[in-house]
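*Asks:* Just passing along the structure, written as C-alpha cells.
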Amino acid sequence: MSSRRFSIRILVGLLPVVLGIVLVSGCDDAYDVNILYPGRTDFLVEKPPTVKPTRYDPPGLLPLLALDGDKDSFGPDQDLLSREREQNHTILDPRTLDQATLQQINLALRDLAGRPRMPKIDLNHNDYEETNKALVRELKLDRKTLAAGSRIYRTQCLHCHGLTGDGRGPTGPWVNPHPRDFRQGIFKFTSSGQDLGVRKPRREDLRRTLMNGIEGTSMPSFALLGSDQIEALISYVIHLSIRGETEYSVMIDLVKEADEKKKSPSQSDDSGPPIIQRVREAAERTGQRWLEAQKSGVVPNEDLAKKFESMTHEQRLESAARGYEIFATKELSACGGCHVNFGRDAQFSYDAWGTIIRPRNLTLTQLNLRGGRRPIDLYWRIRMGINGADMPPLINNDADLAATAPTDVKLKHKLGVKEEWIWDLVNFVQLIPYPEVRKDLKAKYGIEID
C-alpha cells in the first residue's frame, strides 16, 4: 500500500513538469502563426578579421558578442577584435540604421520569405517569374515542402541553428565548433564548381551532411528521418539561407551608404533604389547562384580515380611520399603555411562568420575530418578549398588540372599533372595519422614527421 502511495506521489509531482513542457512546446510541431522572422541585429562580417586570436572563445560567448559585452569578457582578444572593427571597417553594425529603414527591410523580407509557419521564397514581381519557377522546380522551394521542412527544423534543428538560421539557438554558443550560421550563404563542405566566396552547395551536399553528421562536432546524423523529411529539411535550409543572405547583402550596402553620407553630408541626398527593389535584386542574384551550383558538380577524372583506388600499400606509400613533397614545398601548395608542423603548431584565426578556427592537426590518431573521410571528400576539399575557412584551392580552374610542377623547383620525386597531386595529397592525409606509416615514410623515403 505504501509503495502505491509513493508511486502516486511521484506521478502527482511530475504532472506540473509534464504540463509545463507541453505548454512551452505547443500542442503541435508548427510555429504559431504570429511568430515572425526577427530582423538581424548582430554584427555583419564583410571580411574575416585579420587579427589572430590567441585561443578559442569561452563557453557561452560567440566572439563577435564580445564587441557588445562587458569589459574583458573575451580577455585581450576582445581589444584586438575591437581595434579590427575600428580600423578595417569590415565588421558592420546594422543597428546604426534608422528604424524606418530597418522596418522597410523587415517588410520586404516578409514579402520575400514569409514567416516560420508559412515560409516561401517569392520574388513577387513579373521580372523574376522565371527565377521563381526555377527555384520551385530545381530546388523544391514550393510552399508545401517548405512548410514541412519548417516543422522538422523546429523540432530537430532550431535549438542549435536558431529561428533564422543564425547558429545562435539556445545551445549554439555553448558548443564548439559553433553551429553553422546559414545567413551568409556560405557552406564549407561542397562539391559544386563555383569560385570560393560565391559557391553554394548542391542538394546532394546538404543531404550528405544531414545523413552523416559532421565528425568532431555536435552536428549529429539525421539518417533516421525519412527521405521525404530529409528533402523537406534541405529545402528549408536553402530557404533560410536565401532569406539570410539577402538580408545580409542589403544591410551591408545600406550601412556603407549611411556611413558615406555621415562623412560627406553636403553630397546630394540620393537614397538609391527602393529597399523592396534591393531585396528582390539580392534574392534573385542569390537564387541564381543556388541554381547554378546544382549544375556544376565537380567530378574527378575517372581513370585517375580508378588508378589511385587500385593501388597496393607500397604504391600508396610512394604516393603519400609525393604528397608530402607537395605539402611541404611552398612553390607547389600553401598547405604547410597553415598546417604548420603538419597542423601541430597551427595558429588560430577568424573565419568568414567571425568565429575562431584552427587548421587541422593531421597527425592525430583520432583525426576528425569534418568534411568526410572518403577519398572523394578529401579530393573536393583539396581541389577546391574550404569556403569561409580561408583554405585555398589547389586547382584554380579546369585548365589547371593538367599543369605540372615548375621546372625551377628542386624535387625528390617525379610528380604527375596537378590532378594527380590531389590524389597524392589524399593518400598523404589518410596515412600520416598512423605512427607505423610515419616510420615507413622515414625509413623508405627519409621523410621526417615525428
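Going by the C-alpha cells order, chains are called A, B, ..., each with residues numbered from 1, while ligands are numbered from 1 in the order shown.
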List every residue of region 10-200 of chain A that DSSP, applied to the backbone of this structure, assigns to strand (DSSP E or B), and report them as a list of chain:residue names.
*Replies:*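 For region 10-200 of chain A, the strand (DSSP E or B) set is A:Leu44, A:Val45, A:Ile91, A:Leu92, A:Gly114, A:Arg115, A:Met118, A:Pro119, A:Ser192.
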*Asks:* Would you pick out the contacts of region 240-243 of chain A at 9 Å or less, using only C-alpha atoms, so that residues sharing its chain but fewer than 4 positions from it are not included, and give the list as a CSV table (one decimal) with C-alpha atoms, in the first residue's frame?
*Replies:*
```
chain,number,residue,atom,x,y,z
A,109,LEU,CA,11.9,40.2,-46.4
A,112,LEU,CA,10.1,37.5,-50.0
A,113,ALA,CA,10.3,34.7,-47.4
A,121,ILE,CA,10.6,32.3,-51.5
A,164,THR,CA,16.6,32.5,-38.6
A,165,GLY,CA,19.4,30.0,-39.2
A,181,ASP,CA,25.1,30.3,-39.5
A,182,PHE,CA,23.3,29.9,-42.8
A,183,ARG,CA,22.6,33.6,-43.3
A,184,GLN,CA,25.7,34.5,-45.3
A,185,GLY,CA,25.0,31.7,-47.8
A,186,ILE,CA,28.4,30.2,-47.1
A,235,SER,CA,14.7,22.9,-48.9
A,236,TYR,CA,14.0,24.8,-45.6
A,247,GLU,CA,19.2,40.5,-45.6
A,248,TYR,CA,23.0,40.4,-45.1
A,283,ALA,CA,17.4,37.5,-53.7
A,286,THR,CA,21.5,34.6,-54.6
A,287,GLY,CA,18.8,32.3,-56.0
A,290,TRP,CA,22.0,28.3,-55.9
```
*Asks:* Skipping near chain neighbours, those fewer than 3 positions away, what residues fall within 12 Å of region 301-310 of chain A using only C-alpha atoms, listed as a list in words?
*Replies:*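 Contacts, with the query itself left out: Val298, His313, Glu314, Gln315, Arg316, Leu317, Glu318, Ser319, Ala320, Arg374, Pro375, Ile376, Tyr379, Asp398, Leu401, Ala402, Gly416, Val417, Lys418, Glu419, Glu420, Trp421, Ile422, Trp423, Asp424, Leu425, Val426 and Asn427 of chain A.
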*Asks:* Let me see the file: selected residues, C-alpha atoms, as a compact mmCIF listing (two decimals), in the first residue's frame.
*Replies:*
```txt
# COMPACT_ATOMS: atom_id res chain seq x y z
CA VAL A 298 32.98 18.59 -59.70
CA HIS A 313 50.01 -0.47 -49.97
CA GLU A 314 53.52 0.15 -51.33
CA GLN A 315 52.17 2.24 -54.19
CA ARG A 316 50.03 4.18 -51.76
CA LEU A 317 53.06 4.81 -49.54
CA GLU A 318 55.01 6.11 -52.54
CA SER A 319 52.03 8.32 -53.44
CA ALA A 320 51.98 9.67 -49.87
CA ARG A 374 36.10 9.22 -48.02
CA PRO A 375 38.77 9.83 -50.69
CA ILE A 376 36.27 11.83 -52.76
CA TYR A 379 39.55 15.30 -53.14
CA ASP A 398 39.85 23.21 -65.19
CA LEU A 401 44.30 20.22 -63.82
CA ALA A 402 46.88 19.38 -66.49
CA GLY A 416 52.47 13.98 -62.48
CA VAL A 417 49.88 16.53 -63.52
CA LYS A 418 48.11 18.58 -60.87
CA GLU A 419 45.05 16.36 -60.65
CA GLU A 420 47.40 13.55 -59.62
CA TRP A 421 48.81 15.83 -56.92
CA ILE A 422 45.36 15.90 -55.36
CA TRP A 423 45.30 12.12 -55.01
CA ASP A 424 48.87 12.11 -53.70
CA LEU A 425 47.77 14.59 -51.02
CA VAL A 426 44.69 12.47 -50.30
CA ASN A 427 46.94 9.48 -49.63
```
*Asks:* Would you mind listing what lies within 12 Å of Leu332 (chain A) as an mmCIF file with N, CA and C atoms, in the first residue's frame, with only C-alpha atoms counted and same-chain residues fewer than 3 positions away left out?
*Replies:*
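Result file follows (selection_26.cif):
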```cif
data_model
loop_
_atom_site.group_PDB
_atom_site.id
_atom_site.type_symbol
_atom_site.label_atom_id
_atom_site.label_comp_id
_atom_site.auth_asym_id
_atom_site.auth_seq_id
_atom_site.Cartn_x
_atom_site.Cartn_y
_atom_site.Cartn_z
ATOM 1 N N ARG A 322 55.058 11.455 -52.320
ATOM 2 C CA ARG A 322 54.906 12.574 -53.260
ATOM 3 C C ARG A 322 53.990 13.638 -52.658
ATOM 4 N N GLY A 323 52.930 13.179 -51.988
ATOM 5 C CA GLY A 323 52.020 14.113 -51.340
ATOM 6 C C GLY A 323 52.720 14.958 -50.296
ATOM 7 N N TYR A 324 53.637 14.334 -49.554
ATOM 8 C CA TYR A 324 54.421 15.085 -48.556
ATOM 9 C C TYR A 324 55.205 16.197 -49.231
ATOM 10 N N GLU A 325 55.829 15.896 -50.370
ATOM 11 C CA GLU A 325 56.644 16.911 -51.038
ATOM 12 C C GLU A 325 55.778 18.072 -51.532
ATOM 13 N N ILE A 326 54.596 17.752 -52.036
ATOM 14 C CA ILE A 326 53.668 18.806 -52.460
ATOM 15 C C ILE A 326 53.247 19.639 -51.248
ATOM 16 N N PHE A 327 52.937 18.952 -50.156
ATOM 17 C CA PHE A 327 52.503 19.605 -48.919
ATOM 18 C C PHE A 327 53.584 20.545 -48.391
ATOM 19 N N ALA A 328 54.825 20.113 -48.434
ATOM 20 C CA ALA A 328 55.911 20.834 -47.768
ATOM 21 C C ALA A 328 56.602 21.868 -48.655
ATOM 22 N N THR A 329 56.335 21.868 -49.960
ATOM 23 C CA THR A 329 57.004 22.782 -50.882
ATOM 24 C C THR A 329 56.095 23.969 -51.166
ATOM 25 N N CYS A 335 49.808 24.390 -48.297
ATOM 26 C CA CYS A 335 49.400 23.528 -47.174
ATOM 27 C C CYS A 335 50.219 23.800 -45.913
ATOM 28 N N GLY A 336 51.541 23.755 -46.055
ATOM 29 C CA GLY A 336 52.407 23.877 -44.889
ATOM 30 C C GLY A 336 52.372 25.238 -44.237
ATOM 31 N N GLY A 337 51.928 26.264 -44.964
ATOM 32 C CA GLY A 337 51.861 27.592 -44.390
ATOM 33 C C GLY A 337 50.793 27.727 -43.325
ATOM 34 N N PRO A 393 42.067 26.788 -52.830
ATOM 35 C CA PRO A 393 42.028 25.611 -53.704
ATOM 36 C C PRO A 393 43.411 25.289 -54.257
ATOM 37 N N LEU A 394 43.671 24.013 -54.459
ATOM 38 C CA LEU A 394 44.895 23.620 -55.155
ATOM 39 C C LEU A 394 44.745 23.852 -56.657
ATOM 40 N N ILE A 395 43.526 23.683 -57.160
ATOM 41 C CA ILE A 395 43.238 23.843 -58.585
ATOM 42 C C ILE A 395 42.387 25.091 -58.769
ATOM 43 N N ALA A 403 48.305 21.038 -65.393
ATOM 44 C CA ALA A 403 49.574 21.722 -65.139
ATOM 45 C C ALA A 403 50.551 20.792 -64.428
ATOM 46 N N THR A 404 51.829 21.087 -64.551
ATOM 47 C CA THR A 404 52.875 20.297 -63.899
ATOM 48 C C THR A 404 53.712 21.204 -62.998
ATOM 49 N N ALA A 405 54.619 20.602 -62.251
ATOM 50 C CA ALA A 405 55.453 21.358 -61.320
ATOM 51 C C ALA A 405 56.409 22.283 -62.078
ATOM 52 N N PRO A 406 56.695 23.463 -61.526
ATOM 53 C CA PRO A 406 57.669 24.362 -62.160
ATOM 54 C C PRO A 406 59.031 23.679 -62.295
ATOM 55 N N THR A 407 59.696 23.898 -63.396
ATOM 56 C CA THR A 407 60.973 23.228 -63.643
ATOM 57 C C THR A 407 62.095 23.745 -62.749
ATOM 58 N N ASP A 408 61.925 24.943 -62.178
ATOM 59 C CA ASP A 408 62.987 25.512 -61.354
ATOM 60 C C ASP A 408 62.879 25.097 -59.885
ATOM 61 N N VAL A 409 61.912 24.224 -59.575
ATOM 62 C CA VAL A 409 61.760 23.746 -58.205
ATOM 63 C C VAL A 409 62.452 22.393 -58.067
ATOM 64 N N LYS A 410 63.354 22.293 -57.100
ATOM 65 C CA LYS A 410 64.076 21.045 -56.882
ATOM 66 C C LYS A 410 63.180 20.038 -56.176
ATOM 67 N N LEU A 411 62.973 18.886 -56.811
ATOM 68 C CA LEU A 411 62.064 17.875 -56.272
ATOM 69 C C LEU A 411 62.781 16.538 -56.117
ATOM 70 N N LEU A 415 56.662 14.211 -60.128
ATOM 71 C CA LEU A 415 55.236 14.433 -59.942
ATOM 72 C C LEU A 415 54.520 14.427 -61.287
ATOM 73 N N VAL A 417 50.652 15.312 -63.335
ATOM 74 C CA VAL A 417 49.876 16.533 -63.519
ATOM 75 C C VAL A 417 49.170 16.872 -62.204
ATOM 76 N N LYS A 418 48.638 18.084 -62.133
ATOM 77 C CA LYS A 418 48.114 18.580 -60.868
ATOM 78 C C LYS A 418 46.956 17.744 -60.316
ATOM 79 N N TRP A 421 48.346 15.298 -58.206
ATOM 80 C CA TRP A 421 48.810 15.831 -56.921
ATOM 81 C C TRP A 421 47.703 15.711 -55.870
ATOM 82 N N ILE A 422 46.472 15.973 -56.309
ATOM 83 C CA ILE A 422 45.356 15.905 -55.357
ATOM 84 C C ILE A 422 45.297 14.525 -54.719
ATOM 85 N N LEU A 425 48.068 13.932 -52.299
ATOM 86 C CA LEU A 425 47.774 14.591 -51.021
ATOM 87 C C LEU A 425 46.696 13.843 -50.245
#
```
*Asks:* Tell me, in Å to one decimal, how far CA of Leu254 (chain A) is from CA of Ile356 (chain A).
*Replies:*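 Spanning CA of Leu254 (chain A) to CA of Ile356 (chain A) is a straight-line distance of 27.2 Å.
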*Asks:* Quick one, how far is CA of Gly60 (chain A) from CA of Val175 (chain A)?
*Replies:*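 It comes out at 7.9 Å.
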*Asks:* For the atom pair CA of Asp390 (chain A) and CA of Glu245 (chain A), what is the interatomic distance in Å to one decimal place?
*Replies:*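 Value for the CA of Asp390 (chain A)-CA of Glu245 (chain A) distance: 19.4 Å.
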*Asks:* Using only C-alpha atoms, find each residue of region 314-425 of chain A with at least one atom at most 10 Å away from an atom of region 197-221 of chain A; report its shortest atom-to-atom pair and that distance in Å (one decimal), sort the rows by chain and rising residue number, and return the result as a Markdown table.
*Replies:*
```
| residue | atom | partner | partner_atom | distance |
| --- | --- | --- | --- | --- |
| A:Ala352 | CA | A:Gly197 | CA | 9.4 |
| A:Gln366 | CA | A:Gly216 | CA | 9.7 |
| A:Leu367 | CA | A:Gly216 | CA | 8.7 |
| A:Asn368 | CA | A:Gly216 | CA | 5.5 |
| A:Leu369 | CA | A:Glu215 | CA | 6.3 |
| A:Arg370 | CA | A:Glu215 | CA | 4.8 |
| A:Gly371 | CA | A:Ile214 | CA | 6.9 |
| A:Gly372 | CA | A:Glu215 | CA | 7.4 |
| A:Arg373 | CA | A:Glu215 | CA | 9.1 |
| A:Ile386 | CA | A:Gly197 | CA | 9.8 |
| A:Asn387 | CA | A:Gly197 | CA | 6.5 |
| A:Gly388 | CA | A:Gly197 | CA | 7.2 |
| A:Asp390 | CA | A:Gly197 | CA | 9.9 |
```
*Asks:* List the spatial neighbours of Ile105 (chain A) as a PyMOL selection string - criterion: any atom at most 8 Å away, only C-alpha atoms, same-chain residues fewer than 5 positions off excluded.
*Replies:* chain A and resi 39+247+275-276+279
*Asks:* I need the residue nearest Gly172 (chain A) from this list: A:Ala389, A:Pro48, A:Asp142, A:Pro59. Use only C-alpha atoms for the distance.
*Replies:* A:Pro59
*Asks:* Please provide the set of residues having any atom within 10 Å of Leu44 (chain A), restricted to only C-alpha atoms, with same-chain residues fewer than 5 positions apart removed, written as a PyMOL selection string.
*Replies:* chain A and resi 64+90-94+184+248-249+251-252+255+353-354
*Asks:* Write a file of the selected residues as a short mmCIF file (atom, residue, chain, number, x, y, z; two decimals), in the first residue's frame, keeping N, CA and C atoms.
*Replies:*
```
data_model
loop_
_atom_site.label_atom_id
_atom_site.label_comp_id
_atom_site.auth_asym_id
_atom_site.auth_seq_id
_atom_site.Cartn_x
_atom_site.Cartn_y
_atom_site.Cartn_z
N LEU A 64 32.02 37.62 -31.68
CA LEU A 64 31.52 38.94 -32.00
C LEU A 64 30.63 39.51 -30.91
N THR A 90 35.36 46.37 -41.58
CA THR A 90 34.79 45.20 -42.25
C THR A 90 33.83 44.44 -41.33
N ILE A 91 33.65 44.94 -40.11
CA ILE A 91 32.63 44.42 -39.20
C ILE A 91 31.63 45.54 -39.01
N LEU A 92 30.44 45.38 -39.58
CA LEU A 92 29.46 46.46 -39.63
C LEU A 92 28.29 46.17 -38.69
N ASP A 93 27.67 47.23 -38.21
CA ASP A 93 26.58 47.10 -37.24
C ASP A 93 25.27 47.57 -37.87
N PRO A 94 24.33 46.67 -38.13
CA PRO A 94 23.05 47.08 -38.75
C PRO A 94 22.20 47.95 -37.83
N GLN A 184 24.81 33.89 -44.35
CA GLN A 184 25.70 34.49 -45.34
C GLN A 184 25.76 33.68 -46.62
N TYR A 248 21.56 40.09 -45.39
CA TYR A 248 22.97 40.41 -45.13
C TYR A 248 23.52 41.38 -46.18
N SER A 249 23.31 41.08 -47.46
CA SER A 249 23.90 41.91 -48.51
C SER A 249 23.22 43.27 -48.59
N MET A 251 21.76 44.88 -46.07
CA MET A 251 22.16 45.64 -44.90
C MET A 251 23.58 46.18 -45.04
N ILE A 252 24.49 45.39 -45.58
CA ILE A 252 25.86 45.87 -45.76
C ILE A 252 25.88 47.10 -46.67
N VAL A 255 24.33 50.12 -44.73
CA VAL A 255 25.21 50.63 -43.67
C VAL A 255 26.35 51.43 -44.28
N TRP A 353 32.55 33.88 -40.70
CA TRP A 353 31.44 34.16 -39.79
C TRP A 353 31.90 34.91 -38.54
N GLY A 354 33.20 35.14 -38.43
CA GLY A 354 33.72 35.79 -37.24
C GLY A 354 33.86 34.83 -36.08
#
```
*Asks:* For Ile230 (chain A), which of A:Arg83, A:Pro63, A:Tyr153, A:Ala282 is the closest residue, counting only C-alpha atoms?
*Replies:*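 For Ile230 (chain A), the nearest of the given residues is A:Tyr153.
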*Asks:* Residues within 12 Å of Asp57 (chain A), please, as a list of chain:residue names. Count only C-alpha atoms; anything in the same chain fewer than 4 positions from it doesn't count.
*Replies:* A:Pro53, A:Leu61, A:Leu62, A:Pro63, A:Leu64, A:Leu65, A:Ala66, A:Ser73, A:Phe74, A:Gly75, A:Pro76, A:Asp77, A:Gln78, A:Pro173, A:Trp174, A:Val175, A:Asn176, A:Pro177, A:His178, A:Phe348, A:Ser349, A:Tyr350, A:Gly354, A:Thr355, A:Ile356, A:Ile357
*Asks:* Export, as a JSON list (two decimals), in the first residue's frame, the selected residues with N, CA and C atoms.
*Replies:*
```
[["chain", "number", "residue", "atom", "x", "y", "z"],
["A", 53, "PRO", "N", 43.42, 35.51, -33.12],
["A", 53, "PRO", "CA", 43.02, 35.24, -31.73],
["A", 53, "PRO", "C", 44.04, 34.33, -31.07],
["A", 61, "LEU", "N", 29.96, 32.28, -25.22],
["A", 61, "LEU", "CA", 30.24, 33.58, -25.81],
["A", 61, "LEU", "C", 30.77, 33.42, -27.23],
["A", 62, "LEU", "N", 29.97, 33.80, -28.22],
["A", 62, "LEU", "CA", 30.47, 33.88, -29.58],
["A", 62, "LEU", "C", 31.40, 35.09, -29.67],
["A", 63, "PRO", "N", 32.49, 35.02, -30.42],
["A", 63, "PRO", "CA", 33.48, 36.10, -30.42],
["A", 63, "PRO", "C", 32.91, 37.48, -30.66],
["A", 64, "LEU", "N", 32.02, 37.62, -31.68],
["A", 64, "LEU", "CA", 31.52, 38.94, -32.00],
["A", 64, "LEU", "C", 30.63, 39.51, -30.91],
["A", 65, "LEU", "N", 30.07, 38.64, -30.08],
["A", 65, "LEU", "CA", 29.26, 39.14, -28.97],
["A", 65, "LEU", "C", 30.12, 39.92, -27.97],
["A", 66, "ALA", "N", 31.43, 39.63, -27.97],
["A", 66, "ALA", "CA", 32.33, 40.35, -27.06],
["A", 66, "ALA", "C", 32.39, 41.84, -27.39],
["A", 73, "SER", "N", 35.31, 40.36, -21.21],
["A", 73, "SER", "CA", 34.56, 39.12, -21.32],
["A", 73, "SER", "C", 35.27, 38.14, -22.25],
["A", 74, "PHE", "N", 36.16, 38.63, -23.10],
["A", 74, "PHE", "CA", 36.91, 37.79, -24.04],
["A", 74, "PHE", "C", 38.41, 38.00, -23.86],
["A", 75, "GLY", "N", 38.81, 38.56, -22.73],
["A", 75, "GLY", "CA", 40.22, 38.76, -22.46],
["A", 75, "GLY", "C", 40.86, 39.74, -23.43],
["A", 76, "PRO", "N", 42.17, 39.59, -23.68],
["A", 76, "PRO", "CA", 42.88, 40.51, -24.59],
["A", 76, "PRO", "C", 42.37, 40.45, -26.02],
["A", 77, "ASP", "N", 41.77, 39.31, -26.40],
["A", 77, "ASP", "CA", 41.25, 39.20, -27.76],
["A", 77, "ASP", "C", 40.09, 40.15, -28.02],
["A", 78, "GLN", "N", 39.41, 40.54, -26.96],
["A", 78, "GLN", "CA", 38.31, 41.49, -27.11],
["A", 78, "GLN", "C", 38.83, 42.83, -27.62],
["A", 173, "PRO", "N", 25.82, 28.84, -28.60],
["A", 173, "PRO", "CA", 27.06, 29.42, -28.05],
["A", 173, "PRO", "C", 27.82, 28.47, -27.13],
["A", 174, "TRP", "N", 27.19, 27.37, -26.73],
["A", 174, "TRP", "CA", 27.81, 26.51, -25.71],
["A", 174, "TRP", "C", 28.55, 25.32, -26.31],
["A", 175, "VAL", "N", 28.49, 25.15, -27.61],
["A", 175, "VAL", "CA", 29.20, 24.04, -28.24],
["A", 175, "VAL", "C", 30.27, 24.61, -29.16],
["A", 176, "ASN", "N", 31.34, 23.85, -29.36],
["A", 176, "ASN", "CA", 32.44, 24.30, -30.20],
["A", 176, "ASN", "C", 32.94, 23.11, -31.01],
["A", 177, "PRO", "N", 33.01, 23.25, -32.34],
["A", 177, "PRO", "CA", 32.71, 24.45, -33.13],
["A", 177, "PRO", "C", 31.23, 24.81, -33.08],
["A", 178, "HIS", "N", 30.95, 26.09, -33.24],
["A", 178, "HIS", "CA", 29.59, 26.57, -33.15],
["A", 178, "HIS", "C", 28.78, 26.13, -34.36],
["A", 348, "PHE", "N", 45.50, 29.96, -34.52],
["A", 348, "PHE", "CA", 44.08, 30.31, -34.55],
["A", 348, "PHE", "C", 43.86, 31.45, -35.55],
["A", 349, "SER", "N", 42.66, 31.49, -36.12],
["A", 349, "SER", "CA", 42.28, 32.60, -36.99],
["A", 349, "SER", "C", 40.76, 32.74, -36.99],
["A", 350, "TYR", "N", 40.28, 33.83, -37.55],
["A", 350, "TYR", "CA", 38.84, 34.04, -37.68],
["A", 350, "TYR", "C", 38.38, 33.58, -39.07],
["A", 354, "GLY", "N", 33.20, 35.14, -38.43],
["A", 354, "GLY", "CA", 33.72, 35.79, -37.24],
["A", 354, "GLY", "C", 33.86, 34.83, -36.08],
["A", 355, "THR", "N", 33.88, 33.53, -36.36],
["A", 355, "THR", "CA", 34.16, 32.55, -35.31],
["A", 355, "THR", "C", 35.59, 32.04, -35.47],
["A", 356, "ILE", "N", 36.10, 31.39, -34.44],
["A", 356, "ILE", "CA", 37.52, 31.04, -34.39],
["A", 356, "ILE", "C", 37.75, 29.62, -34.87],
["A", 357, "ILE", "N", 38.73, 29.48, -35.73],
["A", 357, "ILE", "CA", 39.06, 28.16, -36.29],
["A", 357, "ILE", "C", 40.55, 27.92, -36.15]]
```
*Asks:* Running DSSP on the backbone, which parts of region 80-261 of chain A land in alpha helix (DSSP H), as a ChimeraX atom specification?
*Replies:* /A:80-88,99-113,129-139,143-156,158-161,203-212,227-261
*Asks:* Can those selected residues be exported to a file as a compact mmCIF listing (two decimals), in the first residue's frame so that it contains C-alpha atoms?
*Replies:*
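Result file result23.txt:
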```txt
# COMPACT_ATOMS: atom_id res chain seq x y z
CA LEU A 80 42.14 43.08 -30.68
CA LEU A 81 38.73 42.49 -32.22
CA SER A 82 37.52 45.97 -31.26
CA ARG A 83 40.56 47.57 -32.91
CA GLU A 84 39.99 45.45 -36.01
CA ARG A 85 36.44 46.75 -36.25
CA GLU A 86 37.51 50.36 -35.82
CA GLN A 87 40.45 50.27 -38.23
CA ASN A 88 39.37 47.99 -41.09
CA GLN A 99 14.21 52.40 -37.50
CA ALA A 100 12.29 53.32 -40.65
CA THR A 101 14.94 51.64 -42.82
CA LEU A 102 15.02 48.53 -40.62
CA GLN A 103 11.24 48.29 -40.77
CA GLN A 104 11.28 48.53 -44.58
CA ILE A 105 13.88 45.74 -44.76
CA ASN A 106 11.77 43.53 -42.49
CA LEU A 107 8.62 44.12 -44.54
CA ALA A 108 10.43 43.40 -47.80
CA LEU A 109 11.90 40.21 -46.35
CA ARG A 110 8.48 39.13 -45.12
CA ASP A 111 7.20 39.69 -48.65
CA LEU A 112 10.06 37.52 -49.95
CA ALA A 113 10.27 34.74 -47.37
CA GLU A 129 8.81 34.95 -62.59
CA GLU A 130 11.23 32.58 -64.36
CA THR A 131 13.54 32.59 -61.35
CA ASN A 132 10.59 31.83 -59.07
CA LYS A 133 9.61 28.86 -61.24
CA ALA A 134 13.18 27.55 -61.38
CA LEU A 135 13.58 27.77 -57.58
CA VAL A 136 10.44 25.69 -57.13
CA ARG A 137 11.30 23.23 -59.88
CA GLU A 138 15.00 22.66 -59.23
CA LEU A 139 15.41 23.49 -55.54
CA ARG A 143 5.32 26.27 -50.08
CA LYS A 144 4.13 22.78 -49.15
CA THR A 145 7.68 21.41 -48.97
CA LEU A 146 8.92 24.46 -47.05
CA ALA A 147 6.09 24.20 -44.53
CA ALA A 148 7.00 20.55 -43.91
CA GLY A 149 10.69 21.45 -43.60
CA SER A 150 9.86 24.24 -41.17
CA ARG A 151 8.11 21.80 -38.83
CA ILE A 152 11.04 19.37 -38.89
CA TYR A 153 13.55 22.19 -38.42
CA ARG A 154 11.66 23.42 -35.35
CA THR A 155 11.90 20.05 -33.60
CA GLN A 156 15.32 18.91 -34.78
CA LEU A 158 16.26 25.18 -34.04
CA HIS A 159 17.88 24.63 -30.64
CA CYS A 160 21.32 24.89 -32.27
CA HIS A 161 20.80 26.80 -35.52
CA ARG A 203 21.33 19.49 -52.58
CA GLU A 204 23.50 16.35 -52.52
CA ASP A 205 26.00 18.15 -50.28
CA LEU A 206 23.36 19.18 -47.75
CA ARG A 207 21.86 15.69 -47.88
CA ARG A 208 25.25 14.14 -47.14
CA THR A 209 25.73 16.43 -44.13
CA LEU A 210 22.29 15.59 -42.77
CA MET A 211 22.72 11.87 -43.30
CA ASN A 212 26.29 11.60 -41.97
CA SER A 227 13.75 10.55 -47.17
CA ASP A 228 10.82 12.96 -47.63
CA GLN A 229 11.69 14.61 -44.32
CA ILE A 230 15.34 14.97 -45.32
CA GLU A 231 14.36 16.55 -48.63
CA ALA A 232 11.98 18.98 -46.90
CA LEU A 233 14.69 19.92 -44.40
CA ILE A 234 17.18 20.58 -47.21
CA SER A 235 14.66 22.89 -48.87
CA TYR A 236 14.05 24.77 -45.64
CA VAL A 237 17.78 25.30 -45.01
CA ILE A 238 18.08 26.73 -48.54
CA HIS A 239 15.08 28.97 -47.78
CA LEU A 240 16.73 30.30 -44.59
CA SER A 241 19.99 30.82 -46.43
CA ILE A 242 18.44 32.78 -49.31
CA ARG A 243 16.48 34.92 -46.86
CA GLY A 244 19.52 35.47 -44.65
CA GLU A 245 21.99 36.26 -47.42
CA THR A 246 19.53 38.69 -48.99
CA GLU A 247 19.19 40.49 -45.65
CA TYR A 248 22.97 40.41 -45.13
CA SER A 249 23.90 41.91 -48.51
CA VAL A 250 21.19 44.60 -48.43
CA MET A 251 22.16 45.64 -44.90
CA ILE A 252 25.86 45.87 -45.76
CA ASP A 253 25.11 48.18 -48.69
CA LEU A 254 22.80 50.37 -46.62
CA VAL A 255 25.21 50.63 -43.67
CA LYS A 256 28.05 51.64 -46.00
CA GLU A 257 25.88 54.21 -47.75
CA ALA A 258 24.78 55.67 -44.42
CA ASP A 259 28.42 55.90 -43.29
CA GLU A 260 29.37 57.71 -46.51
CA LYS A 261 26.56 60.22 -46.01
```
*Asks:* My list of candidates is A:Asp68, A:Asp345, A:Glu448, A:Asp32. Which is closest to Met118 (chain A) when distances are computed with only C-alpha atoms?
*Replies:*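 So, comparing all the options, the nearest one is A:Asp32.
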